[in-house]
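*Asks:* This is input-v7.cif (mmCIF, C-alpha atoms; chains and numbers go by the auth columns).
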data_start
loop_
_atom_site.group_PDB
_atom_site.id
_atom_site.type_symbol
_atom_site.label_atom_id
_atom_site.label_comp_id
_atom_site.label_asym_id
_atom_site.label_seq_id
_atom_site.Cartn_x
_atom_site.Cartn_y
_atom_site.Cartn_z
_atom_site.B_iso_or_equiv
_atom_site.auth_seq_id
_atom_site.auth_asym_id
ATOM 1 C CA MET A 1 -174.500 -21.301 -95.438 0.00 1 A
ATOM 2 C CA SER A 2 -176.349 -19.054 -92.959 0.00 2 A
ATOM 3 C CA ARG A 3 -174.625 -16.105 -91.306 0.00 3 A
ATOM 4 C CA THR A 4 -174.819 -17.807 -87.904 0.00 4 A
ATOM 5 C CA LEU A 5 -173.545 -21.099 -89.290 0.00 5 A
ATOM 6 C CA GLY A 6 -170.672 -19.310 -90.979 0.00 6 A
ATOM 7 C CA LEU A 7 -169.769 -17.666 -87.682 0.00 7 A
ATOM 8 C CA CYS A 8 -169.859 -21.023 -85.905 0.00 8 A
ATOM 9 C CA VAL A 9 -167.547 -22.541 -88.486 0.00 9 A
ATOM 10 C CA GLY A 10 -165.233 -19.576 -88.017 0.00 10 A
ATOM 11 C CA VAL A 11 -165.141 -20.115 -84.258 0.00 11 A
ATOM 12 C CA ALA A 12 -164.408 -23.808 -84.741 0.00 12 A
ATOM 13 C CA ALA A 13 -161.633 -22.985 -87.200 0.00 13 A
ATOM 14 C CA THR A 14 -160.139 -20.529 -84.717 0.00 14 A
ATOM 15 C CA ILE A 15 -160.034 -23.242 -82.058 0.00 15 A
ATOM 16 C CA LEU A 16 -158.299 -25.603 -84.452 0.00 16 A
ATOM 17 C CA LEU A 17 -155.730 -22.990 -85.463 0.00 17 A
ATOM 18 C CA LEU A 18 -154.988 -22.214 -81.822 0.00 18 A
ATOM 19 C CA ALA A 19 -154.594 -25.906 -81.152 0.00 19 A
ATOM 20 C CA GLU A 20 -152.183 -26.332 -84.057 0.00 20 A
ATOM 21 C CA ASP A 21 -150.064 -23.502 -82.702 0.00 21 A
ATOM 22 C CA LEU A 22 -149.607 -25.478 -79.483 0.00 22 A
ATOM 23 C CA LYS A 23 -147.783 -28.254 -81.392 0.00 23 A
ATOM 24 C CA ALA A 24 -148.949 -30.794 -78.859 0.00 24 A
ATOM 25 C CA ALA A 25 -147.813 -34.370 -78.517 0.00 25 A
ATOM 26 C CA ALA A 26 -150.306 -37.180 -79.004 0.00 26 A
ATOM 27 C CA PRO A 27 -151.172 -38.848 -75.676 0.00 27 A
ATOM 28 C CA ASN A 28 -153.324 -41.972 -75.633 0.00 28 A
ATOM 29 C CA LYS A 29 -154.737 -41.647 -72.124 0.00 29 A
ATOM 30 C CA LEU A 30 -157.032 -39.116 -70.510 0.00 30 A
ATOM 31 C CA PRO A 31 -155.266 -36.722 -68.111 0.00 31 A
ATOM 32 C CA PRO A 32 -155.152 -37.904 -64.470 0.00 32 A
ATOM 33 C CA GLY A 33 -157.792 -35.392 -63.351 0.00 33 A
ATOM 34 C CA PHE A 34 -160.497 -36.879 -65.578 0.00 34 A
ATOM 35 C CA LYS A 35 -163.015 -39.366 -64.214 0.00 35 A
ATOM 36 C CA LEU A 36 -163.491 -42.675 -66.064 0.00 36 A
ATOM 37 C CA CYS A 37 -166.917 -44.309 -66.293 0.00 37 A
ATOM 38 C CA PRO A 38 -168.079 -47.819 -67.224 0.00 38 A
ATOM 39 C CA ARG A 39 -170.327 -48.475 -70.185 0.00 39 A
ATOM 40 C CA ASN A 40 -173.599 -50.425 -69.873 0.00 40 A
ATOM 41 C CA ASP A 41 -173.560 -50.325 -66.082 0.00 41 A
ATOM 42 C CA PRO A 42 -176.278 -49.216 -63.618 0.00 42 A
ATOM 43 C CA THR A 43 -173.915 -46.511 -62.345 0.00 43 A
ATOM 44 C CA THR A 44 -173.014 -45.121 -65.785 0.00 44 A
ATOM 45 C CA SER A 45 -175.444 -42.191 -65.814 0.00 45 A
ATOM 46 C CA SER A 46 -174.542 -40.936 -62.337 0.00 46 A
ATOM 47 C CA CYS A 47 -170.843 -41.451 -63.063 0.00 47 A
ATOM 48 C CA LEU A 48 -171.089 -39.405 -66.266 0.00 48 A
ATOM 49 C CA GLU A 49 -172.836 -36.566 -64.445 0.00 49 A
ATOM 50 C CA GLU A 50 -169.738 -36.157 -62.301 0.00 50 A
ATOM 51 C CA ALA A 51 -167.327 -36.930 -65.145 0.00 51 A
ATOM 52 C CA ILE A 52 -168.667 -34.164 -67.405 0.00 52 A
ATOM 53 C CA SER A 53 -168.530 -31.587 -64.622 0.00 53 A
ATOM 54 C CA VAL A 54 -164.959 -32.665 -63.810 0.00 54 A
ATOM 55 C CA ALA A 55 -163.980 -32.509 -67.492 0.00 55 A
ATOM 56 C CA LEU A 56 -165.271 -28.944 -67.838 0.00 56 A
ATOM 57 C CA HIS A 57 -163.265 -27.949 -64.770 0.00 57 A
ATOM 58 C CA GLU A 58 -160.133 -29.571 -66.230 0.00 58 A
ATOM 59 C CA LEU A 59 -160.678 -27.801 -69.566 0.00 59 A
ATOM 60 C CA ALA A 60 -160.735 -24.378 -67.894 0.00 60 A
ATOM 61 C CA SER A 61 -156.984 -23.943 -68.324 0.00 61 A
ATOM 62 C CA GLY A 62 -156.777 -25.978 -71.534 0.00 62 A
ATOM 63 C CA LEU A 63 -155.008 -29.237 -72.334 0.00 63 A
ATOM 64 C CA PRO A 64 -151.861 -28.421 -74.341 0.00 64 A
ATOM 65 C CA GLU A 65 -150.969 -32.097 -74.689 0.00 65 A
ATOM 66 C CA PHE A 66 -154.228 -32.591 -76.615 0.00 66 A
ATOM 67 C CA GLY A 67 -154.011 -29.327 -78.531 0.00 67 A
ATOM 68 C CA ILE A 68 -157.019 -27.939 -76.635 0.00 68 A
ATOM 69 C CA PRO A 69 -156.997 -24.204 -75.781 0.00 69 A
ATOM 70 C CA THR A 70 -158.401 -22.752 -72.565 0.00 70 A
ATOM 71 C CA LEU A 71 -162.138 -22.790 -71.895 0.00 71 A
ATOM 72 C CA GLU A 72 -161.913 -19.861 -69.456 0.00 72 A
ATOM 73 C CA PRO A 73 -162.785 -17.631 -71.044 0.00 73 A
ATOM 74 C CA LEU A 74 -164.567 -18.991 -74.099 0.00 74 A
ATOM 75 C CA GLU A 75 -163.696 -16.463 -76.797 0.00 75 A
ATOM 76 C CA ILE A 76 -166.052 -15.618 -79.663 0.00 76 A
ATOM 77 C CA PRO A 77 -164.791 -13.248 -82.367 0.00 77 A
ATOM 78 C CA GLN A 78 -168.118 -11.743 -83.414 0.00 78 A
ATOM 79 C CA LEU A 79 -171.893 -12.067 -83.039 0.00 79 A
ATOM 80 C CA SER A 80 -174.684 -9.863 -84.411 0.00 80 A
ATOM 81 C CA ILE A 81 -178.371 -9.550 -83.556 0.00 81 A
ATOM 82 C CA GLY A 82 -181.224 -7.438 -84.884 0.00 82 A
ATOM 83 C CA ASP A 83 -183.433 -7.176 -87.949 0.00 83 A
ATOM 84 C CA PRO A 84 -183.490 -3.694 -89.538 0.00 84 A
ATOM 85 C CA ASN A 85 -186.870 -4.498 -91.136 0.00 85 A
ATOM 86 C CA SER A 86 -188.521 -5.531 -87.876 0.00 86 A
ATOM 87 C CA ASN A 87 -191.430 -3.588 -86.379 0.00 87 A
ATOM 88 C CA ALA A 88 -190.948 -5.136 -82.927 0.00 88 A
ATOM 89 C CA PRO A 89 -190.997 -2.797 -79.886 0.00 89 A
ATOM 90 C CA VAL A 90 -187.366 -3.722 -79.225 0.00 90 A
ATOM 91 C CA ASN A 91 -185.570 -3.265 -82.538 0.00 91 A
ATOM 92 C CA LEU A 92 -181.860 -2.999 -81.824 0.00 92 A
ATOM 93 C CA LYS A 93 -179.152 -3.862 -84.305 0.00 93 A
ATOM 94 C CA ILE A 94 -176.118 -4.767 -82.209 0.00 94 A
ATOM 95 C CA ASN A 95 -172.768 -6.075 -83.377 0.00 95 A
ATOM 96 C CA PHE A 96 -170.702 -7.702 -80.616 0.00 96 A
ATOM 97 C CA THR A 97 -166.976 -8.337 -81.103 0.00 97 A
ATOM 98 C CA ASP A 98 -164.156 -9.746 -78.953 0.00 98 A
ATOM 99 C CA ILE A 99 -166.643 -11.621 -76.766 0.00 99 A
ATOM 100 C CA ARG A 100 -165.266 -13.371 -73.677 0.00 100 A
ATOM 101 C CA ILE A 101 -167.537 -15.691 -71.693 0.00 101 A
ATOM 102 C CA TYR A 102 -166.550 -16.718 -68.163 0.00 102 A
ATOM 103 C CA ASN A 103 -167.624 -19.455 -65.740 0.00 103 A
ATOM 104 C CA ILE A 104 -168.677 -22.119 -68.266 0.00 104 A
ATOM 105 C CA SER A 105 -166.333 -24.537 -66.494 0.00 105 A
ATOM 106 C CA SER A 106 -168.562 -24.345 -63.394 0.00 106 A
ATOM 107 C CA ALA A 107 -171.435 -26.081 -65.216 0.00 107 A
ATOM 108 C CA LYS A 108 -173.058 -29.081 -63.548 0.00 108 A
ATOM 109 C CA SER A 109 -174.441 -31.941 -65.625 0.00 109 A
ATOM 110 C CA THR A 110 -177.475 -34.052 -64.735 0.00 110 A
ATOM 111 C CA ASN A 111 -179.617 -36.734 -66.331 0.00 111 A
ATOM 112 C CA VAL A 112 -176.869 -37.921 -68.694 0.00 112 A
ATOM 113 C CA LYS A 113 -177.831 -40.598 -71.197 0.00 113 A
ATOM 114 C CA LEU A 114 -175.257 -42.734 -73.007 0.00 114 A
ATOM 115 C CA ASP A 115 -175.541 -45.155 -75.901 0.00 115 A
ATOM 116 C CA VAL A 116 -172.003 -46.307 -76.711 0.00 116 A
ATOM 117 C CA ASP A 117 -173.094 -48.507 -79.596 0.00 117 A
ATOM 118 C CA ALA A 118 -175.161 -45.772 -81.329 0.00 118 A
ATOM 119 C CA PHE A 119 -173.005 -43.474 -80.371 0.00 119 A
ATOM 120 C CA LEU A 120 -175.011 -40.812 -78.474 0.00 120 A
ATOM 121 C CA ILE A 121 -174.366 -38.946 -75.240 0.00 121 A
ATOM 122 C CA SER A 122 -176.890 -36.356 -74.072 0.00 122 A
ATOM 123 C CA PRO A 123 -176.358 -34.336 -70.870 0.00 123 A
ATOM 124 C CA HIS A 124 -178.553 -31.717 -69.240 0.00 124 A
ATOM 125 C CA VAL A 125 -176.363 -28.816 -68.091 0.00 125 A
ATOM 126 C CA GLU A 126 -176.978 -26.097 -65.504 0.00 126 A
ATOM 127 C CA ILE A 127 -174.848 -23.036 -64.734 0.00 127 A
ATOM 128 C CA ASP A 128 -175.664 -20.794 -61.781 0.00 128 A
ATOM 129 C CA SER A 129 -174.152 -17.668 -63.311 0.00 129 A
ATOM 130 C CA ILE A 130 -172.215 -16.557 -66.368 0.00 130 A
ATOM 131 C CA TYR A 131 -170.312 -13.317 -66.821 0.00 131 A
ATOM 132 C CA ALA A 132 -169.381 -12.029 -70.267 0.00 132 A
ATOM 133 C CA GLU A 133 -167.898 -8.888 -71.737 0.00 133 A
ATOM 134 C CA ALA A 134 -167.489 -7.611 -75.276 0.00 134 A
ATOM 135 C CA HIS A 135 -167.186 -4.568 -77.496 0.00 135 A
ATOM 136 C CA TYR A 136 -170.483 -3.467 -79.026 0.00 136 A
ATOM 137 C CA LYS A 137 -171.852 -1.154 -81.688 0.00 137 A
ATOM 138 C CA MET A 138 -175.588 -0.436 -81.405 0.00 138 A
ATOM 139 C CA ASP A 139 -178.159 1.355 -83.529 0.00 139 A
ATOM 140 C CA GLY A 140 -181.937 1.103 -83.382 0.00 140 A
ATOM 141 C CA ARG A 141 -184.947 1.797 -81.221 0.00 141 A
ATOM 142 C CA ILE A 142 -186.440 0.462 -78.021 0.00 142 A
ATOM 143 C CA LEU A 143 -190.084 1.333 -77.346 0.00 143 A
ATOM 144 C CA LEU A 144 -189.812 4.056 -80.039 0.00 144 A
ATOM 145 C CA ILE A 145 -186.823 5.657 -78.285 0.00 145 A
ATOM 146 C CA PRO A 146 -183.651 5.867 -80.429 0.00 146 A
ATOM 147 C CA ALA A 147 -180.683 3.918 -79.068 0.00 147 A
ATOM 148 C CA LYS A 148 -177.138 4.374 -80.298 0.00 148 A
ATOM 149 C CA GLY A 149 -173.689 3.754 -78.900 0.00 149 A
ATOM 150 C CA GLU A 150 -170.342 2.000 -79.124 0.00 150 A
ATOM 151 C CA GLY A 151 -168.059 0.724 -76.378 0.00 151 A
ATOM 152 C CA LYS A 152 -167.873 -1.991 -73.742 0.00 152 A
ATOM 153 C CA VAL A 153 -170.845 -4.130 -72.729 0.00 153 A
ATOM 154 C CA VAL A 154 -171.099 -6.499 -69.764 0.00 154 A
ATOM 155 C CA PHE A 155 -173.532 -9.441 -69.537 0.00 155 A
ATOM 156 C CA ASN A 156 -174.662 -11.299 -66.420 0.00 156 A
ATOM 157 C CA LEU A 157 -176.769 -14.435 -66.931 0.00 157 A
ATOM 158 C CA THR A 158 -178.417 -16.200 -63.989 0.00 158 A
ATOM 159 C CA ASN A 159 -179.438 -19.871 -63.766 0.00 159 A
ATOM 160 C CA LEU A 160 -178.854 -20.949 -67.351 0.00 160 A
ATOM 161 C CA HIS A 161 -179.963 -24.446 -68.409 0.00 161 A
ATOM 162 C CA GLY A 162 -179.264 -26.334 -71.606 0.00 162 A
ATOM 163 C CA ASP A 163 -179.391 -29.767 -73.224 0.00 163 A
ATOM 164 C CA GLY A 164 -176.573 -31.182 -75.302 0.00 164 A
ATOM 165 C CA ALA A 165 -176.380 -34.109 -77.697 0.00 165 A
ATOM 166 C CA MET A 166 -173.070 -35.423 -79.006 0.00 166 A
ATOM 167 C CA THR A 167 -173.181 -37.957 -81.815 0.00 167 A
ATOM 168 C CA GLY A 168 -170.395 -39.959 -83.380 0.00 168 A
ATOM 169 C CA GLU A 169 -169.281 -43.261 -84.818 0.00 169 A
ATOM 170 C CA LYS A 170 -166.697 -45.872 -83.974 0.00 170 A
ATOM 171 C CA ILE A 171 -163.618 -46.111 -86.169 0.00 171 A
ATOM 172 C CA MET A 172 -160.516 -48.318 -86.045 0.00 172 A
ATOM 173 C CA LYS A 173 -157.014 -46.853 -85.751 0.00 173 A
ATOM 174 C CA LYS A 174 -153.903 -48.888 -85.026 0.00 174 A
ATOM 175 C CA ASN A 175 -156.058 -51.902 -84.143 0.00 175 A
ATOM 176 C CA LYS A 176 -157.956 -49.931 -81.511 0.00 176 A
ATOM 177 C CA GLU A 177 -161.470 -48.532 -81.458 0.00 177 A
ATOM 178 C CA TYR A 178 -161.813 -44.737 -81.367 0.00 178 A
ATOM 179 C CA LEU A 179 -164.767 -42.375 -81.440 0.00 179 A
ATOM 180 C CA LYS A 180 -165.139 -40.002 -84.369 0.00 180 A
ATOM 181 C CA VAL A 181 -167.263 -37.077 -83.139 0.00 181 A
ATOM 182 C CA ASN A 182 -169.695 -36.018 -85.862 0.00 182 A
ATOM 183 C CA ASP A 183 -171.762 -33.352 -84.166 0.00 183 A
ATOM 184 C CA PHE A 184 -172.496 -31.611 -80.885 0.00 184 A
ATOM 185 C CA SER A 185 -175.837 -29.823 -80.759 0.00 185 A
ATOM 186 C CA PHE A 186 -176.731 -27.602 -77.845 0.00 186 A
ATOM 187 C CA GLU A 187 -180.031 -25.997 -76.885 0.00 187 A
ATOM 188 C CA LEU A 188 -180.316 -23.254 -74.271 0.00 188 A
ATOM 189 C CA ASN A 189 -183.816 -23.701 -72.884 0.00 189 A
ATOM 190 C CA HIS A 190 -183.992 -21.796 -69.593 0.00 190 A
ATOM 191 C CA LEU A 191 -182.668 -18.520 -68.214 0.00 191 A
ATOM 192 C CA ASP A 192 -183.862 -16.786 -65.056 0.00 192 A
ATOM 193 C CA LYS A 193 -182.391 -13.378 -65.820 0.00 193 A
ATOM 194 C CA LEU A 194 -180.159 -11.462 -68.217 0.00 194 A
ATOM 195 C CA VAL A 195 -178.675 -8.150 -67.095 0.00 195 A
ATOM 196 C CA LEU A 196 -176.711 -5.994 -69.530 0.00 196 A
ATOM 197 C CA HIS A 197 -174.806 -2.763 -69.097 0.00 197 A
ATOM 198 C CA PHE A 198 -173.777 -0.801 -72.184 0.00 198 A
ATOM 199 C CA GLU A 199 -171.099 1.823 -71.630 0.00 199 A
ATOM 200 C CA ASN A 200 -170.825 5.000 -73.703 0.00 200 A
ATOM 201 C CA LEU A 201 -174.394 5.115 -74.995 0.00 201 A
ATOM 202 C CA PHE A 202 -174.928 8.390 -76.858 0.00 202 A
ATOM 203 C CA ASN A 203 -171.227 9.183 -76.343 0.00 203 A
ATOM 204 C CA GLY A 204 -171.540 8.849 -72.589 0.00 204 A
ATOM 205 C CA ASP A 205 -174.662 10.982 -72.084 0.00 205 A
ATOM 206 C CA LYS A 206 -175.447 10.679 -68.360 0.00 206 A
ATOM 207 C CA THR A 207 -179.205 10.945 -68.857 0.00 207 A
ATOM 208 C CA LEU A 208 -179.892 8.970 -72.028 0.00 208 A
ATOM 209 C CA GLY A 209 -177.364 6.225 -71.231 0.00 209 A
ATOM 210 C CA PRO A 210 -178.995 5.047 -67.978 0.00 210 A
ATOM 211 C CA THR A 211 -182.444 5.388 -69.568 0.00 211 A
ATOM 212 C CA ILE A 212 -181.584 3.017 -72.421 0.00 212 A
ATOM 213 C CA ASN A 213 -179.832 0.569 -70.081 0.00 213 A
ATOM 214 C CA ASN A 214 -182.920 0.487 -67.869 0.00 214 A
ATOM 215 C CA LEU A 215 -185.210 -0.110 -70.855 0.00 215 A
ATOM 216 C CA VAL A 216 -182.946 -2.864 -72.188 0.00 216 A
ATOM 217 C CA ASN A 217 -183.012 -4.679 -68.857 0.00 217 A
ATOM 218 C CA GLU A 218 -186.762 -4.229 -68.460 0.00 218 A
ATOM 219 C CA ASN A 219 -187.101 -5.945 -71.856 0.00 219 A
ATOM 220 C CA TRP A 220 -184.253 -8.445 -71.466 0.00 220 A
ATOM 221 C CA MET A 221 -186.347 -11.360 -72.745 0.00 221 A
ATOM 222 C CA GLU A 222 -186.559 -9.690 -76.167 0.00 222 A
ATOM 223 C CA ILE A 223 -182.772 -9.398 -76.275 0.00 223 A
ATOM 224 C CA TRP A 224 -182.336 -12.985 -75.091 0.00 224 A
ATOM 225 C CA SER A 225 -184.712 -14.308 -77.763 0.00 225 A
ATOM 226 C CA GLN A 226 -182.278 -12.967 -80.376 0.00 226 A
ATOM 227 C CA LEU A 227 -179.069 -13.962 -78.577 0.00 227 A
ATOM 228 C CA ARG A 228 -180.101 -17.499 -77.654 0.00 228 A
ATOM 229 C CA VAL A 229 -179.946 -19.273 -81.027 0.00 229 A
ATOM 230 C CA PRO A 230 -176.602 -17.924 -82.307 0.00 230 A
ATOM 231 C CA LEU A 231 -175.061 -18.379 -78.865 0.00 231 A
ATOM 232 C CA GLN A 232 -176.166 -21.996 -78.524 0.00 232 A
ATOM 233 C CA GLU A 233 -174.952 -22.813 -82.042 0.00 233 A
ATOM 234 C CA ILE A 234 -171.558 -21.265 -81.348 0.00 234 A
ATOM 235 C CA CYS A 235 -171.277 -23.222 -78.086 0.00 235 A
ATOM 236 C CA GLY A 236 -172.233 -26.430 -79.887 0.00 236 A
ATOM 237 C CA TYR A 237 -169.581 -25.928 -82.560 0.00 237 A
ATOM 238 C CA SER A 238 -166.953 -25.005 -79.987 0.00 238 A
ATOM 239 C CA PHE A 239 -167.612 -28.049 -77.804 0.00 239 A
ATOM 240 C CA ARG A 240 -167.644 -30.294 -80.862 0.00 240 A
ATOM 241 C CA GLU A 241 -164.077 -29.232 -81.640 0.00 241 A
ATOM 242 C CA TYR A 242 -162.996 -29.731 -78.014 0.00 242 A
ATOM 243 C CA ALA A 243 -164.519 -33.226 -78.035 0.00 243 A
ATOM 244 C CA ARG A 244 -162.947 -34.117 -81.378 0.00 244 A
ATOM 245 C CA ARG A 245 -159.500 -33.220 -80.095 0.00 245 A
ATOM 246 C CA LEU A 246 -159.981 -35.407 -77.042 0.00 246 A
ATOM 247 C CA PHE A 247 -161.588 -38.479 -78.590 0.00 247 A
ATOM 248 C CA ASP A 248 -159.252 -38.436 -81.585 0.00 248 A
ATOM 249 C CA LYS A 249 -156.310 -39.268 -79.321 0.00 249 A
ATOM 250 C CA VAL A 250 -157.748 -41.624 -76.688 0.00 250 A
ATOM 251 C CA PRO A 251 -159.101 -45.124 -77.504 0.00 251 A
ATOM 252 C CA LEU A 252 -162.777 -45.609 -76.701 0.00 252 A
ATOM 253 C CA ASP A 253 -162.065 -48.340 -74.144 0.00 253 A
ATOM 254 C CA ASP A 254 -159.926 -45.856 -72.189 0.00 254 A
ATOM 255 C CA VAL A 255 -162.772 -43.330 -72.051 0.00 255 A
ATOM 256 C CA PHE A 256 -165.759 -45.608 -71.461 0.00 256 A
ATOM 257 C CA LEU A 257 -164.505 -48.660 -69.623 0.00 257 A
ATOM 258 C CA VAL A 258 -165.738 -52.113 -70.580 0.00 258 A
ATOM 259 C CA LYS A 259 -165.802 -53.007 -66.880 0.00 259 A
ATOM 260 C CA ALA A 260 -166.416 -50.803 -63.873 0.00 260 A
ATOM 261 C CA PRO A 261 -163.159 -49.591 -62.256 0.00 261 A
#
Render the structure in this file as structure tokens.
*Replies:*
Amino acid sequence: MSRTLGLCVGVAATILLLAEDLKAAAPNKLPPGFKLCPRNDPTTSSCLEEAISVALHELASGLPEFGIPTLEPLEIPQLSIGDPNSNAPVNLKINFTDIRIYNISSAKSTNVKLDVDAFLISPHVEIDSIYAEAHYKMDGRILLIPAKGEGKVVFNLTNLHGDGAMTGEKIMKKNKEYLKVNDFSFELNHLDKLVLHFENLFNGDKTLGPTINNLVNENWMEIWSQLRVPLQEICGYSFREYARRLFDKVPLDDVFLVKAP
């Protein structure tokens, strides 16, 4: 198992443990705030675009009755980037811990495709801005300049786009058809800008700290190229566990209606 995959599994396990602690009941209907969509209908795609955005908004504060913890913020225990053997101009080994990501619930979905029989649902997702904060420990070089520090870091991401794909299979429980979610892959494929601010670089040096922060932000695409893959895998694993909790309790016909409402 890769280091990133192991981290993703750990995040998923954390979500499940939090959900178990809630000791939720087992409802068999979606909460009133959710939007229901028909299957195999000309309006299905446009309906799902709105339904996914509404669902993310509803998940912001969690769904205790489904054993689903809050989405705002999305919490990630740990994430590391950097290759100590790299000769790249930006060669920073950074360990992030206690990561909290805000504003995911504001995402808008477009161009949603659904195949209920397969089962496959694939949305395109866009988020205007994301704010995140974490604790960091950094060591390395950027453009041959040493960079070292430990403390708080703040991220601001602008105009983030991604494509998701949730796959599953139909199963029977209590004479009703349910969806067993098998996987949720997620690819982050567009970002306009990443701005980072590392506090306490070189123990708070007022000259070196701003210099390194400026260099990091001038070379933000190098940082993003290392953050993107582990971040998208963690998001995919997290959303898979959210979806499993939801679809495990609600019959398929009460999520994707046989007839339009």
*Asks:* Restricting the calculation to all atoms listed in the file: of A:Val229, A:Ile212, A:Ile76, A:Leu252, which residue gets closest to A:Asp139?
*Replies:*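 Closest candidate: A:Ile212.
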*Asks:* Hey, which of A:Thr207, A:Gly164, A:Trp220, A:Val116 ends up closest to A:Asp41? Count all atoms listed in the file.
*Replies:*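 For A:Asp41, the nearest of the given residues is A:Val116.
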*Asks:* Considering all atoms listed in the file, can you say which of A:Met166, A:Cys235, A:Ile142, A:Val112 comes closest to A:Ser86?
*Replies:*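 When distances to A:Ser86 are compared using all atoms listed in the file, the smallest one comes from A:Ile142.
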*Asks:* In terms of the shortest atom-to-atom distance over only C-alpha atoms, which of A:Val154, A:Ala165, A:Leu257, A:Met138 is closest to A:Asn203?
*Replies:*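 Smallest separation from A:Asn203 among the options: A:Met138.
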*Asks:* So for stretch 122-140 of chain A, what box centre and size do we get, axis-aligned, 4 Å extra on each of the six sides, every listed atom, Å to one decimal, as JSON?
*Replies:*
{"center_x": -174.6, "center_y": -17.5, "center_z": -72.7, "size_x": 22.8, "size_y": 45.7, "size_z": 29.7}
*Asks:* Name the residues that the PyMOL selection byres ((chain A and resi 240) around 8) picks from the file above, as a list in words, using the file's chain letters and numbers.
*Replies:*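 Output of the PyMOL selection byres ((chain A and resi 240) around 8): Met166, Val181, Asn182, Asp183, Phe184, Gly236, Tyr237, Ser238, Phe239, Glu241, Tyr242, Ala243 and Arg244 of chain A.
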*Asks:* Using all atoms listed in the file, determine which residues lie at most 7 Å from stretch 171-179 of chain A, disregarding the query and same-chain residues fewer than 2 positions distant; provide the list as a PyMOL selection string.
*Replies:* chain A and resi 168-169+181+247-248+250-252
*Asks:* Would you mind reading off the distance between atom CA of A:Asn189 and atom CA of A:Leu36, one decimal, in Å?
*Replies:* 28.6 Å
*Asks:* Using only C-alpha atoms, can you tell me which of A:Leu208, A:Ser105, A:Pro123, A:Ala134 comes closest to A:Lys148?
*Replies:* A:Leu208
*Asks:* Residues picked by the PyMOL selection byres ((chain A and resi 110) around 9) here, as a ChimeraX atom specification?
*Replies:* /A:45-46,48-50,108-109,111-112,123-126
*Asks:* List the residues sitting within 7 Å of (-178.4, -21.7, -69.2) in the file's frame, using only C-alpha atoms, as an NGL selection string.
*Replies:* :A and (126-127 or 159-162 or 188-191)
*Asks:* Decode the PyMOL selection byres ((chain A and resi 194) around 8) for the given file into explicit residues and return them as number ranges by chain.
*Replies:* A: 155-158, 191-193, 195-196, 217, 220-221, 224
*Asks:* Enter the distance from atom CA of A:Tyr102 to atom CA of A:Leu71, in Å, rounded to one decimal.
*Replies:* 8.4 Å
*Asks:* Looking at all atoms listed in the file, which of A:Ser80, A:Pro42, A:Thr211, A:Phe66 is the one that sits closest to A:Arg228?
*Replies:*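 Once distances to A:Arg228 are computed over all atoms listed in the file, the minimum belongs to A:Ser80.
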*Asks:* For A:Asn91, list every protein, DNA or RNA residue within 8 Å, evaluated using only C-alpha atoms, and leave out those in the same chain fewer than 4 positions away; present the list as an MDAnalysis selection string.
*Replies:* chainID A and resid 82:84 86:87 140:142
*Asks:* Grab the atom CA of A:Leu246 to atom CA of A:Gln78 distance for me, in Å with one decimal place.
*Replies:* 25.8 Å
